[in-house]
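Chemist: This is the structure, below, for whatever I ask next.
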Amino acid sequence: MKLQGKTVLLTGASGGIGQAIAQRLAAEGARLILTGRDRALLKTLAQQLPGNAVFFAGDLTDPASQQQLHEFVRSQGGIDVLINNAGISQFGLLAEQQLSALMAVNLMVPMQLCQLFVPMLTARRGAVVNIGSAFGSIGFPGFTGYCATKFGLRGFTEALQRETADSDLQVLYLAPRATRTSINSPAVDALNQAMQQGVDSPELVAQLLVQQLQQGRKRRFIGWPERLLVRLNGLCPAILDFGLKHKLKQIKHFALNK
Ligand SMILES: NC(=O)c1ccc[n+]([C@@H]2O[C@H](COP(=O)([O-])OP(=O)(O)OC[C@H]3O[C@@H](n4cnc5c(N)ncnc54)[C@H](OP(=O)(O)O)[C@@H]3O)[C@@H](O)[C@H]2O)c1
């Protein structure tokens with residue numbers, strides 16, 4: 001897909017990866033509709049971007065807010081691309097996970113926005129990009145709730161890809177690995193450092209997303225060895241069971257001493 005002149009609805013635009021995506025898409029000549037809850041940040045971002053960007057501030061877990069967003073998009077002449085990027089994460093053992101919030105933001109919102117916008121996007125031969133995670137393919141201790149939502153989003157995306165395969169709609173899935181943004185708490189940063197986990201910049205994720213959209217590539221997993229581990233976990237999960245059992249003491253140390 002050529003991005004020049006296309007209108008893109010980007011959720012989570014006020015976040016680390018979202019801001020980088022917004023900058024990249026604007027540089028490609030796309031017009032942005034930015035969403036998030038932080039009105040002041042969205043306003044500043046919209047003013048900084050070239051190409052007449054606009055913003056809609058609201059909590060997307062609120063059905064009324066979703067409807068208002070739909071009306072706002074229509075008032076702006078519609079969209080060609082929806083990027084479901086908004087997300088939250090929690091690191092900690094199962095007992096302390098806020099499962100409803102994780103499910104609402106990471107899974108229900110992208111599915112509901114697809115329901116709202118897929119008819120318009122299909123008619124315009126547009127695209128949906130759902131931002132998953134390496135943890136949408138690898139169950140990782142300390143991230144039970146987050147993993148469940150991202151596994152769900154991957155499954156939803158795959159089913160929607162196949163359901164719309166007889167149309168010109170593109171349904172894409174991008175799975176970043178750890179990326180330097182404030183979604184990761186200091187405990188997660190410390191764990192990543194202790195495990196020598198590679199951490200990407202939001203700008204790299206944005207660059208790869210734009211490339212994926214331009215190429216129409218259905219699935220993309222960022223990072224090495226994460227790409228290998230995702231495949232390995234699909235083929236032979238016992239190998240990762242073993243590896244992660246050996247890391248469990250270290251992971252629990254960071255999860256319990258936040
Ligand atoms: N960073 C990583 O390590 C990493 C790795 C893999 C995948 N990802 C995925 O990448 C995506 C972007 O994450 P990020 O790292 O950029 O995180 P971030 O900096 O924390 O940004 C999260 C964004 O989601 C928005 N958001 C959260 N709850 C919302 C709600 N109820 N309604 C509307 N917007 C809401 C936030 O808006 P406000 O701040 O305005 O409320 C913010 O714009 C997420 O889907 C995440 O799961 C991130």
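We name chains A, B, ... following the order of the structure tokens; residues begin at 1 in each chain, and ligands are numbered from 1 as shown.
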Just want the 10 Å neighbourhood of Leu82 of chain A, counted on only C-alpha atoms, with same-chain residues fewer than 2 positions away dropped. Output as a list in words.
Modeler: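 Result of the neighbour search: Thr7, Val8, Leu9, Leu10, Thr11, Ile33, Ile79, Asp80, Asn84, Asn85, Pro110, Leu113, Cys114, Phe117, Val118, Leu121, Gly126, Ala127, Val128, Val129, Asn130 and Val171 of chain A.
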Chemist: Would you name the residues within 9 Å of ligand 1, counting only C-alpha atoms and all ligand atoms, and put them as a PyMOL selection string?
Modeler: chain A and resi 11-20+35-42+57-62+84-89+101+104-106+109+130-136+146+150+174-184+199-202+205
Chemist: From the set A:His246, A:Lys2, A:His253, A:Arg217, which residue has the shortest atom-to-atom contact distance to Gln170 of chain A, counting only C-alpha atoms?
Modeler: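 Among the listed residues, A:Arg217 lies closest to Gln170 of chain A.
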Chemist: Assign secondary structure with DSSP using the backbone only, and return the residues of segment 30-227 of chain A in strand (DSSP E) as an mmCIF file with C-alpha atoms, in the first residue's frame.
Modeler:
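And here is the file that came out, states35.cif:
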```cif
data_model
loop_
_atom_site.group_PDB
_atom_site.id
_atom_site.type_symbol
_atom_site.label_atom_id
_atom_site.label_comp_id
_atom_site.auth_asym_id
_atom_site.auth_seq_id
_atom_site.Cartn_x
_atom_site.Cartn_y
_atom_site.Cartn_z
ATOM 1 C CA ARG A 31 -2.777 12.065 7.289
ATOM 2 C CA LEU A 32 -3.134 11.057 10.940
ATOM 3 C CA ILE A 33 -6.094 10.748 13.289
ATOM 4 C CA LEU A 34 -4.373 10.326 16.656
ATOM 5 C CA THR A 35 -6.106 8.788 19.663
ATOM 6 C CA GLY A 36 -5.190 8.221 23.294
ATOM 7 C CA VAL A 54 -6.071 15.748 14.046
ATOM 8 C CA PHE A 55 -6.725 14.061 17.376
ATOM 9 C CA PHE A 56 -9.493 12.446 19.432
ATOM 10 C CA ALA A 57 -8.943 12.057 23.176
ATOM 11 C CA VAL A 81 -5.837 2.347 7.736
ATOM 12 C CA LEU A 82 -6.586 1.409 11.359
ATOM 13 C CA ILE A 83 -3.596 0.736 13.610
ATOM 14 C CA ASN A 84 -4.572 -0.916 16.896
ATOM 15 C CA ALA A 127 -5.695 -2.086 6.003
ATOM 16 C CA VAL A 128 -5.826 -3.008 9.682
ATOM 17 C CA VAL A 129 -2.617 -3.467 11.657
ATOM 18 C CA ASN A 130 -2.865 -5.090 15.073
ATOM 19 C CA ILE A 131 0.166 -4.610 17.310
ATOM 20 C CA GLN A 170 -5.240 -6.199 4.320
ATOM 21 C CA VAL A 171 -5.153 -7.514 7.887
ATOM 22 C CA LEU A 172 -1.651 -7.395 9.349
ATOM 23 C CA TYR A 173 -0.074 -8.465 12.638
ATOM 24 C CA LEU A 174 3.149 -6.957 13.993
ATOM 25 C CA ALA A 175 4.815 -8.448 17.077
ATOM 26 C CA ARG A 219 2.818 -11.265 9.938
ATOM 27 C CA ARG A 220 6.001 -9.804 11.253
ATOM 28 C CA PHE A 221 7.937 -10.750 14.374
#
```
Chemist: Rounded to one decimal, what separation in Å do you get between atom CA of Gly78 of chain A and atom CA of Glu203 of chain A?
Modeler: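 One can read the atom CA of Gly78 of chain A to atom CA of Glu203 of chain A distance as 26.8 Å.
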Chemist: Run DSSP on the backbone of this structure and report the residues of segment 100-132 of chain A it assigns to helix (DSSP H, G or I), as a ChimeraX atom specification.
Modeler: /A:100-123
